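Novice: Okay, here's the structure, questions in a sec.
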Amino acid sequence: MEILEQEVRYLKGVGEARAKALNRLGIYSVRDLLNHFPRAYEDRTRFFTIRDAPTEEAVCIRAYVTAPPVLTVVRGGKRLVKLRAADESGSVDIAYFNMPYIREQLHAGERYLFYGKLTGTPGGLRAMTNPDFEPESRAGERTGRILPRYPLRSGIGNRALMGYVRAALSAVGNGVPDALPPAVRETQGLAQARYAYENIHFPADLGALELARRRLIFEELFVLACAMGQLRGTRRSADGTAIPQRDPSEFYRTLPFAPTGAQKRAVAQAFADMADTRPMNRLVQGDVGSGKTLVATVCAWTVCAAGRQAAFMAPTEILAEQHLSTLRALTAPFGLRVEKLSGGMTAKEKRAVKDALRAGEIDILVGTHALLTADVSFAALSLVITDEQHRFGVQQRGALSAKGETPHVLVMSATPIPRTLALIIYGDLDVSVIDELPPGRQKVDTFAVDERYRSRLNGFIEKLVRQGRQVFVVCPKVEDDGTEAAPDAPKLKSATDHAAALRETFPALRIGCIHGRMKPKEKDAVMADVVAGTIDILVSTTVIEVGVDVPNAALMVVENAERFGLSQLHQLRGRVGRGMHKSWCILVSNAQGEDARARLDVLCSINDGFQISEADLRLRGPGDFFGSRQHGLPEMHIADLCGDMNVLQAAQTAAQALLRYDPTLSEPENAPLRAQVEHLLASAAGTLN
Ligand code: ADP
Ligand code: MG
């Protein structure tokens, strides 16, 4: 056990300086080194004779050096070592550039194994440049096997890293603790820990590599599932407050529209959950504009009607402000008191709200993560709602939950999360899907255009504004800071500059600008003007990405659209088409290249958020999409939270079964697992609750 936690600098051959280089790779302990998995492998197991060697790929040949290597200096002062090697089938000319020392390492008449690509035609004149080699007497270290390729940083080479990993493996010996309980390992048909670590770094063959990978992926997900399961266990056993079910039509009657069937269903499910003392943990998933806010509001209303309080968390100040007014309007018929707590308020204002909250005078408190500060306390918190959950880490959710007596939790998200992943992140989370848009919604027509379209676009903007509509324009940057990415990359539009340009183009129109560097108060003021209709064109950064609801807005223009992820563009597009007006989304991009085009075309042809995030996943890869920033899970070493979905499912099931009979992992055979779980929780203390 101990050896795993030992610092790398004490490993044979590492030392102070190399340890620093390893630290830069995130490797501090022997455990880290063993968990620094190769990113690829080089298959050096295939041998050919010189005559038969293919030219497409690198292979091994076994040959003797026919005469002493010759060192020559070629044009530009480059030093070249030339030699000829032969086997029974033929000979090959070998050259090493700028490696003069090779001359001392290869000796005439001795046999070596060379690994590299051969040129020439089989049977004809053959040549090799800079092949890796080893004397036949030492065969098996660099040739005849599968070699790891590690993720590297400057200061440390692949070969050195291989040596350190070897040293780590031999230092640990058979002492790799097996985190998988024997029963789990056997039912899943998985390899033992020692075998897996050996073969993930230095696979005996491709079959062994596969066994090692399978085992390690399973282990990583299993430990994660156990950790999440344990966290959840604490929460689940706690008693919440049962909220008596009431008839939601009492609320619906006060609305200017009829709720959709999907909204009613989600409300009914949440009501049933909250009627229990076991805290609700429900995710409401619905595309942008599907009306999730109403569902949340009805839930808050029923909680308040039972004499309890609700907290409503939004990812941005702008959204918090908007929810405040929506909630106030919707709950007005019932006389609920809704207040907001945000970073932009004065100390005095904050104190007043906090006091009223503690006294139980406030029914619903809206805010951003400011609600999480330690000095905010509720009199009777029974429901925590978080909007656009993908912006919140698991950590924040946990912190807020800790404030009440295990409140019910309602999470709203427009980002579809694959079911199995949701299980790991949220554990026993139940899901309501709002798969129906309010009636009368029209499809937002989407077009991808380039600069040549500018004057027509301006004409279109003007026409819409004259018809009384409002326009959003989103830019990738706040202001021009002179830091262009690459000289040939398209210039990035900044919100402040573009707003100025539009003011020149449209002197008669009212143009506002909003971005993340403004003070919350300033942002609120601009948004209030937009909602009031006194701003025609709002130029902004992606601060308006989520949730902003201005039904009169009919056009969303995105500048440098190639800079945004597909799901993000879909969110931005969701800012329009929310009322009864026909709406458009124009994606402006001057990026050349088929990839950029293909991505934007997805938006033009697909309207369904789920399909778009699938396409996003395909085009960007899971790393970006489910970056740990978004889901709040610790970084995975080998498992891919999206790609290894089947394993995830199996690991989750196995973890649940294990935790059922040993919830605290205190059985002796589960001790190594418990250690791993604790290690994970400790190292992820910043990300997990
Ligand atoms: P999202 O799911 O994206 O958060 P919102 O809750 O902001 O969507 O709702 C989008 C818009 O649709 C709001 O203007 C809201 O008032 C309106 N809306 C919600 N439900 C309905 C409904 N059943 N019928 C008509 N309009 C609705
Ligand atoms: Mg919303």
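Numbering starts fresh at 1 for the residues of each chain in the structure tokens, the chains themselves are lettered A, B, ... in the order given, and ligands are numbered from 1 as they appear.
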Using only C-alpha atoms and all ligand atoms, which protein or nucleic acid residues are at most 8 Å from ligand 2, as a list of chain:residue names?
Specialist: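 So the residues close to ligand 2 are A:Val288, A:Gly289, A:Gly291, A:Lys292, A:Thr293, A:Asp387, A:Glu388, A:Met412, A:Ser413, A:Ala414, A:Val546, A:Gly547, A:Val548, A:Asp549.
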Novice: Quick one: contact table of chain A to ligand 1, 10 Å max, nearest atom pair and distance in Å to one decimal per residue, counting only C-alpha atoms and all ligand atoms, chain and number order, as JSON lines?
Specialist:
{"residue": "A:Tyr252", "atom": "CA", "partner": "ligand 1", "partner_atom_place_in_ligand_line": "23 (N)", "distance": 9.7}
{"residue": "A:Leu255", "atom": "CA", "partner": "ligand 1", "partner_atom_place_in_ligand_line": "22 (C)", "distance": 9.0}
{"residue": "A:Pro256", "atom": "CA", "partner": "ligand 1", "partner_atom_place_in_ligand_line": "25 (C)", "distance": 8.1}
{"residue": "A:Phe257", "atom": "CA", "partner": "ligand 1", "partner_atom_place_in_ligand_line": "24 (N)", "distance": 5.1}
{"residue": "A:Ala258", "atom": "CA", "partner": "ligand 1", "partner_atom_place_in_ligand_line": "23 (N)", "distance": 5.1}
{"residue": "A:Pro259", "atom": "CA", "partner": "ligand 1", "partner_atom_place_in_ligand_line": "23 (N)", "distance": 3.5}
{"residue": "A:Thr260", "atom": "CA", "partner": "ligand 1", "partner_atom_place_in_ligand_line": "23 (N)", "distance": 4.6}
{"residue": "A:Gly261", "atom": "CA", "partner": "ligand 1", "partner_atom_place_in_ligand_line": "23 (N)", "distance": 8.3}
{"residue": "A:Ala262", "atom": "CA", "partner": "ligand 1", "partner_atom_place_in_ligand_line": "23 (N)", "distance": 8.9}
{"residue": "A:Gln263", "atom": "CA", "partner": "ligand 1", "partner_atom_place_in_ligand_line": "23 (N)", "distance": 7.2}
{"residue": "A:Lys264", "atom": "CA", "partner": "ligand 1", "partner_atom_place_in_ligand_line": "23 (N)", "distance": 9.1}
{"residue": "A:Val284", "atom": "CA", "partner": "ligand 1", "partner_atom_place_in_ligand_line": "2 (O)", "distance": 9.2}
{"residue": "A:Gln285", "atom": "CA", "partner": "ligand 1", "partner_atom_place_in_ligand_line": "2 (O)", "distance": 8.4}
{"residue": "A:Gly286", "atom": "CA", "partner": "ligand 1", "partner_atom_place_in_ligand_line": "2 (O)", "distance": 5.9}
{"residue": "A:Asp287", "atom": "CA", "partner": "ligand 1", "partner_atom_place_in_ligand_line": "2 (O)", "distance": 6.1}
{"residue": "A:Val288", "atom": "CA", "partner": "ligand 1", "partner_atom_place_in_ligand_line": "3 (O)", "distance": 3.6}
{"residue": "A:Gly289", "atom": "CA", "partner": "ligand 1", "partner_atom_place_in_ligand_line": "3 (O)", "distance": 3.5}
{"residue": "A:Ser290", "atom": "CA", "partner": "ligand 1", "partner_atom_place_in_ligand_line": "2 (O)", "distance": 4.0}
{"residue": "A:Gly291", "atom": "CA", "partner": "ligand 1", "partner_atom_place_in_ligand_line": "6 (O)", "distance": 3.3}
{"residue": "A:Lys292", "atom": "CA", "partner": "ligand 1", "partner_atom_place_in_ligand_line": "2 (O)", "distance": 3.8}
{"residue": "A:Thr293", "atom": "CA", "partner": "ligand 1", "partner_atom_place_in_ligand_line": "6 (O)", "distance": 3.6}
{"residue": "A:Leu294", "atom": "CA", "partner": "ligand 1", "partner_atom_place_in_ligand_line": "6 (O)", "distance": 5.6}
{"residue": "A:Val295", "atom": "CA", "partner": "ligand 1", "partner_atom_place_in_ligand_line": "6 (O)", "distance": 7.8}
{"residue": "A:Ala296", "atom": "CA", "partner": "ligand 1", "partner_atom_place_in_ligand_line": "6 (O)", "distance": 8.6}
{"residue": "A:Thr297", "atom": "CA", "partner": "ligand 1", "partner_atom_place_in_ligand_line": "6 (O)", "distance": 9.4}
{"residue": "A:Leu319", "atom": "CA", "partner": "ligand 1", "partner_atom_place_in_ligand_line": "7 (O)", "distance": 9.9}
{"residue": "A:Gln322", "atom": "CA", "partner": "ligand 1", "partner_atom_place_in_ligand_line": "7 (O)", "distance": 9.4}
{"residue": "A:His323", "atom": "CA", "partner": "ligand 1", "partner_atom_place_in_ligand_line": "7 (O)", "distance": 8.7}
{"residue": "A:Thr326", "atom": "CA", "partner": "ligand 1", "partner_atom_place_in_ligand_line": "16 (O)", "distance": 8.1}
{"residue": "A:Leu330", "atom": "CA", "partner": "ligand 1", "partner_atom_place_in_ligand_line": "16 (O)", "distance": 9.3}
{"residue": "A:Asp387", "atom": "CA", "partner": "ligand 1", "partner_atom_place_in_ligand_line": "4 (O)", "distance": 7.9}
{"residue": "A:Glu388", "atom": "CA", "partner": "ligand 1", "partner_atom_place_in_ligand_line": "4 (O)", "distance": 8.2}
{"residue": "A:Met412", "atom": "CA", "partner": "ligand 1", "partner_atom_place_in_ligand_line": "4 (O)", "distance": 8.0}
{"residue": "A:Ser413", "atom": "CA", "partner": "ligand 1", "partner_atom_place_in_ligand_line": "2 (O)", "distance": 8.0}
{"residue": "A:Ala414", "atom": "CA", "partner": "ligand 1", "partner_atom_place_in_ligand_line": "3 (O)", "distance": 7.0}
{"residue": "A:Ile434", "atom": "CA", "partner": "ligand 1", "partner_atom_place_in_ligand_line": "2 (O)", "distance": 8.4}
{"residue": "A:Glu436", "atom": "CA", "partner": "ligand 1", "partner_atom_place_in_ligand_line": "23 (N)", "distance": 9.2}
{"residue": "A:Leu437", "atom": "CA", "partner": "ligand 1", "partner_atom_place_in_ligand_line": "22 (C)", "distance": 7.6}
{"residue": "A:Pro438", "atom": "CA", "partner": "ligand 1", "partner_atom_place_in_ligand_line": "24 (N)", "distance": 4.3}
{"residue": "A:Pro439", "atom": "CA", "partner": "ligand 1", "partner_atom_place_in_ligand_line": "24 (N)", "distance": 6.1}
{"residue": "A:Gly440", "atom": "CA", "partner": "ligand 1", "partner_atom_place_in_ligand_line": "25 (C)", "distance": 7.9}
{"residue": "A:Arg441", "atom": "CA", "partner": "ligand 1", "partner_atom_place_in_ligand_line": "25 (C)", "distance": 8.5}
{"residue": "A:Val546", "atom": "CA", "partner": "ligand 1", "partner_atom_place_in_ligand_line": "3 (O)", "distance": 8.0}
{"residue": "A:Gly547", "atom": "CA", "partner": "ligand 1", "partner_atom_place_in_ligand_line": "4 (O)", "distance": 5.5}
{"residue": "A:Val548", "atom": "CA", "partner": "ligand 1", "partner_atom_place_in_ligand_line": "7 (O)", "distance": 7.1}
{"residue": "A:Asp549", "atom": "CA", "partner": "ligand 1", "partner_atom_place_in_ligand_line": "7 (O)", "distance": 5.6}
{"residue": "A:Val550", "atom": "CA", "partner": "ligand 1", "partner_atom_place_in_ligand_line": "14 (O)", "distance": 7.1}
{"residue": "A:Pro551", "atom": "CA", "partner": "ligand 1", "partner_atom_place_in_ligand_line": "14 (O)", "distance": 5.9}
{"residue": "A:Asn552", "atom": "CA", "partner": "ligand 1", "partner_atom_place_in_ligand_line": "14 (O)", "distance": 9.6}
{"residue": "A:Gln571", "atom": "CA", "partner": "ligand 1", "partner_atom_place_in_ligand_line": "3 (O)", "distance": 8.6}
{"residue": "A:Gly574", "atom": "CA", "partner": "ligand 1", "partner_atom_place_in_ligand_line": "3 (O)", "distance": 7.2}
{"residue": "A:Arg575", "atom": "CA", "partner": "ligand 1", "partner_atom_place_in_ligand_line": "3 (O)", "distance": 8.3}
{"residue": "A:Val576", "atom": "CA", "partner": "ligand 1", "partner_atom_place_in_ligand_line": "10 (C)", "distance": 9.8}
{"residue": "A:Gly577", "atom": "CA", "partner": "ligand 1", "partner_atom_place_in_ligand_line": "11 (C)", "distance": 9.0}
{"residue": "A:Arg578", "atom": "CA", "partner": "ligand 1", "partner_atom_place_in_ligand_line": "11 (C)", "distance": 5.4}
{"residue": "A:Gly579", "atom": "CA", "partner": "ligand 1", "partner_atom_place_in_ligand_line": "14 (O)", "distance": 6.6}
{"residue": "A:Met580", "atom": "CA", "partner": "ligand 1", "partner_atom_place_in_ligand_line": "26 (N)", "distance": 9.3}
Novice: Would you pick out the contacts of region 667-677 of chain A at 8 Å or less, using only C-alpha atoms, so that residues sharing its chain but fewer than 6 positions from it are not included, and give the list as a PyMOL selection string?
Specialist: chain A and resi 177-182+223-224+226-227
Novice: Take the residues that were just selected and, keeping N, CA and C atoms, output them as a compact mmCIF listing (two decimals), in the first residue's frame.
Specialist:
# COMPACT_ATOMS: atom_id res chain seq x y z
N PRO A 177 -2.57 -3.42 -4.75
CA PRO A 177 -3.80 -3.84 -4.09
C PRO A 177 -4.92 -3.95 -5.12
N ASP A 178 -5.69 -5.01 -5.06
CA ASP A 178 -6.76 -5.20 -6.02
C ASP A 178 -8.04 -4.56 -5.49
N ALA A 179 -8.40 -3.42 -6.10
CA ALA A 179 -9.57 -2.70 -5.61
C ALA A 179 -10.86 -3.45 -5.90
N LEU A 180 -10.82 -4.37 -6.84
CA LEU A 180 -12.04 -5.11 -7.15
C LEU A 180 -12.16 -6.29 -6.19
N PRO A 181 -13.27 -6.36 -5.46
CA PRO A 181 -13.47 -7.54 -4.62
C PRO A 181 -13.45 -8.78 -5.50
N PRO A 182 -12.87 -9.88 -5.01
CA PRO A 182 -12.72 -11.08 -5.85
C PRO A 182 -14.02 -11.51 -6.53
N VAL A 223 -15.06 2.15 -9.11
CA VAL A 223 -14.67 2.94 -7.95
C VAL A 223 -15.47 4.24 -7.93
N LEU A 224 -15.63 4.85 -9.10
CA LEU A 224 -16.43 6.07 -9.19
C LEU A 224 -17.87 5.82 -8.76
N CYS A 226 -18.99 3.47 -6.85
CA CYS A 226 -19.04 3.20 -5.41
C CYS A 226 -18.96 4.51 -4.63
N ALA A 227 -18.08 5.40 -5.09
CA ALA A 227 -17.92 6.68 -4.40
C ALA A 227 -19.22 7.48 -4.45
Novice: Given only C-alpha atoms as the basis, pick out the residue of A:Ile638, A:Val431, A:Ala654, A:Leu221 nearest to Leu34 (chain A).
Specialist: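 So, comparing all the options, the nearest one is A:Ile638.
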Novice: I need the residue nearest Ala193 (chain A) from this list: A:Asn35, A:Cys604, A:Ile94, A:Thr302. Use only C-alpha atoms for the distance.
Specialist: A:Asn35
Novice: What is the CA of Tyr112 (chain A)-CA of Met128 (chain A) distance in Å, reported with one decimal?
Specialist: 14.0 Å
Novice: List every residue of region 512-605 of chain A that DSSP, applied to the backbone of this structure, places in alpha helix (DSSP H), and write the result as an MDAnalysis selection string.
Specialist: chainID A and resid 520:532 566:573 594:605
Novice: Print the selection's residues with N, CA, C and O atoms to a file, as a compact mmCIF listing (two decimals), in the first residue's frame.
Specialist:
# COMPACT_ATOMS: atom_id res chain seq x y z
N PRO A 520 -23.02 43.34 -12.22
CA PRO A 520 -24.36 42.74 -12.25
C PRO A 520 -25.47 43.78 -12.38
O PRO A 520 -26.42 43.58 -13.14
N LYS A 521 -25.31 44.89 -11.68
CA LYS A 521 -26.35 45.94 -11.73
C LYS A 521 -26.51 46.49 -13.15
O LYS A 521 -27.62 46.72 -13.62
N GLU A 522 -25.37 46.70 -13.82
CA GLU A 522 -25.42 47.23 -15.19
C GLU A 522 -26.09 46.22 -16.12
O GLU A 522 -26.91 46.57 -16.97
N LYS A 523 -25.73 44.95 -15.94
CA LYS A 523 -26.34 43.92 -16.78
C LYS A 523 -27.84 43.88 -16.56
O LYS A 523 -28.61 43.83 -17.52
N ASP A 524 -28.22 43.89 -15.29
CA ASP A 524 -29.65 43.86 -14.97
C ASP A 524 -30.38 45.01 -15.65
O ASP A 524 -31.47 44.83 -16.19
N ALA A 525 -29.75 46.21 -15.62
CA ALA A 525 -30.40 47.38 -16.19
C ALA A 525 -30.61 47.19 -17.69
O ALA A 525 -31.69 47.47 -18.22
N VAL A 526 -29.58 46.70 -18.38
CA VAL A 526 -29.71 46.50 -19.83
C VAL A 526 -30.78 45.45 -20.12
O VAL A 526 -31.65 45.64 -20.97
N MET A 527 -30.75 44.34 -19.36
CA MET A 527 -31.74 43.29 -19.60
C MET A 527 -33.15 43.80 -19.35
O MET A 527 -34.08 43.46 -20.07
N ALA A 528 -33.29 44.65 -18.33
CA ALA A 528 -34.61 45.20 -18.03
C ALA A 528 -35.11 46.01 -19.23
O ALA A 528 -36.29 45.92 -19.61
N ASP A 529 -34.19 46.76 -19.86
CA ASP A 529 -34.57 47.53 -21.05
C ASP A 529 -34.97 46.61 -22.20
O ASP A 529 -35.89 46.91 -22.96
N VAL A 530 -34.26 45.50 -22.32
CA VAL A 530 -34.59 44.56 -23.39
C VAL A 530 -35.99 43.99 -23.16
O VAL A 530 -36.82 43.95 -24.07
N VAL A 531 -36.25 43.57 -21.93
CA VAL A 531 -37.55 43.00 -21.61
C VAL A 531 -38.65 44.05 -21.81
O VAL A 531 -39.72 43.75 -22.33
N ALA A 532 -38.34 45.29 -21.44
CA ALA A 532 -39.33 46.36 -21.58
C ALA A 532 -39.51 46.78 -23.04
O ALA A 532 -40.42 47.53 -23.37
N LEU A 566 -21.90 23.19 -31.02
CA LEU A 566 -23.24 23.05 -31.59
C LEU A 566 -24.33 23.20 -30.55
O LEU A 566 -25.34 23.86 -30.77
N SER A 567 -24.13 22.57 -29.39
CA SER A 567 -25.16 22.65 -28.36
C SER A 567 -25.30 24.08 -27.87
O SER A 567 -26.39 24.54 -27.56
N GLN A 568 -24.17 24.78 -27.86
CA GLN A 568 -24.19 26.17 -27.44
C GLN A 568 -24.97 27.01 -28.45
O GLN A 568 -25.79 27.85 -28.08
N LEU A 569 -24.73 26.74 -29.73
CA LEU A 569 -25.48 27.47 -30.76
C LEU A 569 -26.97 27.17 -30.66
O LEU A 569 -27.80 28.05 -30.84
N HIS A 570 -27.27 25.93 -30.34
CA HIS A 570 -28.68 25.56 -30.20
C HIS A 570 -29.32 26.33 -29.04
O HIS A 570 -30.45 26.79 -29.12
N GLN A 571 -28.57 26.45 -27.95
CA GLN A 571 -29.04 27.23 -26.79
C GLN A 571 -29.27 28.68 -27.21
O GLN A 571 -30.28 29.28 -26.86
N LEU A 572 -28.31 29.23 -27.95
CA LEU A 572 -28.44 30.62 -28.38
C LEU A 572 -29.66 30.78 -29.28
O LEU A 572 -30.45 31.70 -29.13
N ARG A 573 -29.83 29.84 -30.18
CA ARG A 573 -30.98 29.91 -31.07
C ARG A 573 -32.28 29.85 -30.27
O ARG A 573 -33.28 30.44 -30.65
N GLU A 594 -14.25 22.49 -44.63
CA GLU A 594 -15.47 21.70 -44.66
C GLU A 594 -16.00 21.41 -43.28
O GLU A 594 -17.20 21.33 -43.07
N ASP A 595 -15.08 21.26 -42.31
CA ASP A 595 -15.52 20.92 -40.97
C ASP A 595 -16.45 21.98 -40.40
O ASP A 595 -17.52 21.69 -39.89
N ALA A 596 -15.98 23.23 -40.51
CA ALA A 596 -16.76 24.34 -39.99
C ALA A 596 -18.13 24.37 -40.67
O ALA A 596 -19.17 24.51 -40.04
N ARG A 597 -18.12 24.22 -41.99
CA ARG A 597 -19.35 24.20 -42.78
C ARG A 597 -20.30 23.10 -42.30
O ARG A 597 -21.45 23.31 -42.02
N ALA A 598 -19.71 21.89 -42.17
CA ALA A 598 -20.52 20.73 -41.81
C ALA A 598 -21.18 20.94 -40.45
O ALA A 598 -22.35 20.60 -40.24
N ARG A 599 -20.43 21.55 -39.54
CA ARG A 599 -20.98 21.77 -38.21
C ARG A 599 -22.16 22.73 -38.27
O ARG A 599 -23.21 22.48 -37.67
N LEU A 600 -21.99 23.81 -39.00
CA LEU A 600 -23.07 24.79 -39.06
C LEU A 600 -24.28 24.22 -39.81
O LEU A 600 -25.42 24.53 -39.49
N ASP A 601 -23.99 23.37 -40.78
CA ASP A 601 -25.09 22.75 -41.52
C ASP A 601 -25.97 21.90 -40.61
O ASP A 601 -27.18 21.79 -40.83
N VAL A 602 -25.36 21.30 -39.60
CA VAL A 602 -26.13 20.51 -38.65
C VAL A 602 -27.22 21.38 -38.03
O VAL A 602 -28.39 21.00 -37.94
N LEU A 603 -26.83 22.59 -37.64
CA LEU A 603 -27.77 23.51 -37.02
C LEU A 603 -28.89 23.89 -37.98
O LEU A 603 -30.05 24.02 -37.59
N CYS A 604 -28.49 24.09 -39.25
CA CYS A 604 -29.49 24.52 -40.23
C CYS A 604 -30.52 23.44 -40.48
O CYS A 604 -31.67 23.72 -40.77
N SER A 605 -30.10 22.18 -40.39
CA SER A 605 -31.03 21.12 -40.76
C SER A 605 -31.69 20.44 -39.57
O SER A 605 -32.71 19.79 -39.73
Novice: Which of these, A:Thr406, A:Thr316, A:Thr49, A:Asn130, has the shortest distance to Leu383 (chain A) once you count only C-alpha atoms?
Specialist: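 Selected residue with least distance to Leu383 (chain A): A:Thr406.
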Novice: Tell me which protein, DNA and RNA residues are within 9 Å of Gly175 (chain A), counting only C-alpha atoms, leaving out same-chain ones fewer than 4 positions away, and put them as a PDB file with all heavy atoms, in the first residue's frame.
Specialist:
ATOM      1  N   MET A   1       0.839  -1.203   0.000  1.00  0.00           N
ATOM      2  CA  MET A   1       0.000   0.000   0.000  1.00  0.00           C
ATOM      3  C   MET A   1       0.869   1.246   0.000  1.00  0.00           C
ATOM      4  O   MET A   1       0.752   2.123  -0.829  1.00  0.00           O
ATOM      5  CB  MET A   1      -0.841  -0.040   1.285  1.00  0.00           C
ATOM      6  CG  MET A   1      -2.287   0.416   1.148  1.00  0.00           C
ATOM      7  SD  MET A   1      -3.023   0.257  -0.451  1.00  0.00           S
ATOM      8  CE  MET A   1      -3.443   1.946  -0.765  1.00  0.00           C
ATOM      9  N   ILE A   3       3.932   1.884  -0.658  1.00  0.00           N
ATOM     10  CA  ILE A   3       4.795   2.146  -1.802  1.00  0.00           C
ATOM     11  C   ILE A   3       4.065   2.968  -2.872  1.00  0.00           C
ATOM     12  O   ILE A   3       4.651   3.827  -3.527  1.00  0.00           O
ATOM     13  CB  ILE A   3       5.359   0.822  -2.388  1.00  0.00           C
ATOM     14  CG1 ILE A   3       6.143   1.062  -3.684  1.00  0.00           C
ATOM     15  CG2 ILE A   3       4.290  -0.197  -2.650  1.00  0.00           C
ATOM     16  CD1 ILE A   3       7.537   1.491  -3.454  1.00  0.00           C
ATOM     17  N   LEU A   4       2.780   2.734  -3.020  1.00  0.00           N
ATOM     18  CA  LEU A   4       2.015   3.470  -4.030  1.00  0.00           C
ATOM     19  C   LEU A   4       1.986   4.969  -3.755  1.00  0.00           C
ATOM     20  O   LEU A   4       1.934   5.781  -4.668  1.00  0.00           O
ATOM     21  CB  LEU A   4       0.574   2.952  -4.087  1.00  0.00           C
ATOM     22  CG  LEU A   4       0.357   1.622  -4.786  1.00  0.00           C
ATOM     23  CD1 LEU A   4      -1.108   1.242  -4.752  1.00  0.00           C
ATOM     24  CD2 LEU A   4       0.842   1.689  -6.222  1.00  0.00           C
ATOM     25  N   ALA A 171       9.131  -2.004  -8.282  1.00  0.00           N
ATOM     26  CA  ALA A 171       9.113  -1.590  -6.872  1.00  0.00           C
ATOM     27  C   ALA A 171       7.836  -2.072  -6.190  1.00  0.00           C
ATOM     28  O   ALA A 171       7.849  -2.496  -5.041  1.00  0.00           O
ATOM     29  CB  ALA A 171       9.218  -0.075  -6.766  1.00  0.00           C
ATOM     30  N   ARG A 194      -2.457  -6.727 -10.774  1.00  0.00           N
ATOM     31  CA  ARG A 194      -1.052  -6.746 -11.153  1.00  0.00           C
ATOM     32  C   ARG A 194      -0.894  -6.997 -12.658  1.00  0.00           C
ATOM     33  O   ARG A 194      -0.164  -6.306 -13.363  1.00  0.00           O
ATOM     34  CB  ARG A 194      -0.318  -7.824 -10.339  1.00  0.00           C
ATOM     35  CG  ARG A 194       1.063  -8.179 -10.818  1.00  0.00           C
ATOM     36  CD  ARG A 194       2.064  -7.095 -10.491  1.00  0.00           C
ATOM     37  NE  ARG A 194       3.096  -7.031 -11.522  1.00  0.00           N
ATOM     38  CZ  ARG A 194       4.161  -6.244 -11.447  1.00  0.00           C
ATOM     39  NH1 ARG A 194       4.319  -5.437 -10.417  1.00  0.00           N
ATOM     40  NH2 ARG A 194       5.033  -6.237 -12.417  1.00  0.00           N
TER      41      ARG A 194
END
Novice: Give the answer as one residue: which of A:Ala682, A:Ala379, A:Asn174, A:Ser325 has the shortest atom-to-atom distance to Gln192 (chain A), using only C-alpha atoms?
Specialist: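 Smallest separation from Gln192 (chain A) among the options: A:Asn174.
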Novice: By how many Å are CA of Arg214 (chain A) and CA of Val184 (chain A) apart?
Specialist: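 So the answer is 13.5 Å.
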Novice: Between A:Ile535, A:Leu327, A:Val366, A:Val543, which has the minimum distance to Leu341 (chain A) (counting only C-alpha atoms)?
Specialist: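 Answer, going by the shortest atom-to-atom distance: A:Val366.
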Novice: Would you mind reading off the distance between CA of Lys12 (chain A) and CA of Tyr150 (chain A), one decimal, in Å?
Specialist: 19.4 Å
Novice: Write out as a list of chain:residue names the residues lying within 9 Å of Phe334 (chain A), counting only C-alpha atoms and excluding same-chain residues fewer than 6 positions away.
Specialist: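 Final neighbour list, sorted by chain and number: A:Phe251, A:Trp301, A:Ala305.
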Novice: Would you put the residues from that selection into a file with N, CA and C atoms, as a PDB file, in the first residue's frame?
Specialist:
ATOM      1  N   PHE A 251     -53.368  25.934  -9.526  1.00  0.00           N
ATOM      2  CA  PHE A 251     -52.358  26.851 -10.059  1.00  0.00           C
ATOM      3  C   PHE A 251     -52.600  27.106 -11.547  1.00  0.00           C
ATOM      4  N   TRP A 301     -44.452  26.491  -5.659  1.00  0.00           N
ATOM      5  CA  TRP A 301     -45.745  26.936  -5.115  1.00  0.00           C
ATOM      6  C   TRP A 301     -46.312  25.929  -4.105  1.00  0.00           C
ATOM      7  N   ALA A 305     -46.961  26.573  -0.234  1.00  0.00           N
ATOM      8  CA  ALA A 305     -48.318  26.427   0.289  1.00  0.00           C
ATOM      9  C   ALA A 305     -48.323  25.527   1.521  1.00  0.00           C
TER      10      ALA A 305
END
Novice: Name the closest residue to Ser249 (chain A) among the candidates A:Ala268, A:Tyr10, A:Cys475, A:Met162; distances are taken between atoms, counting only C-alpha atoms.
Specialist: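 Selected residue with least distance to Ser249 (chain A): A:Ala268.
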Novice: Excluding Gly367 (chain A) and its own-chain neighbours fewer than 4 positions away, which residues fall within 12 Å of it when counting only C-alpha atoms? Please give them as a PyMOL selection string.
Specialist: chain A and resi 310-324+338-345+350+353+371-373+376+384-387+400+520
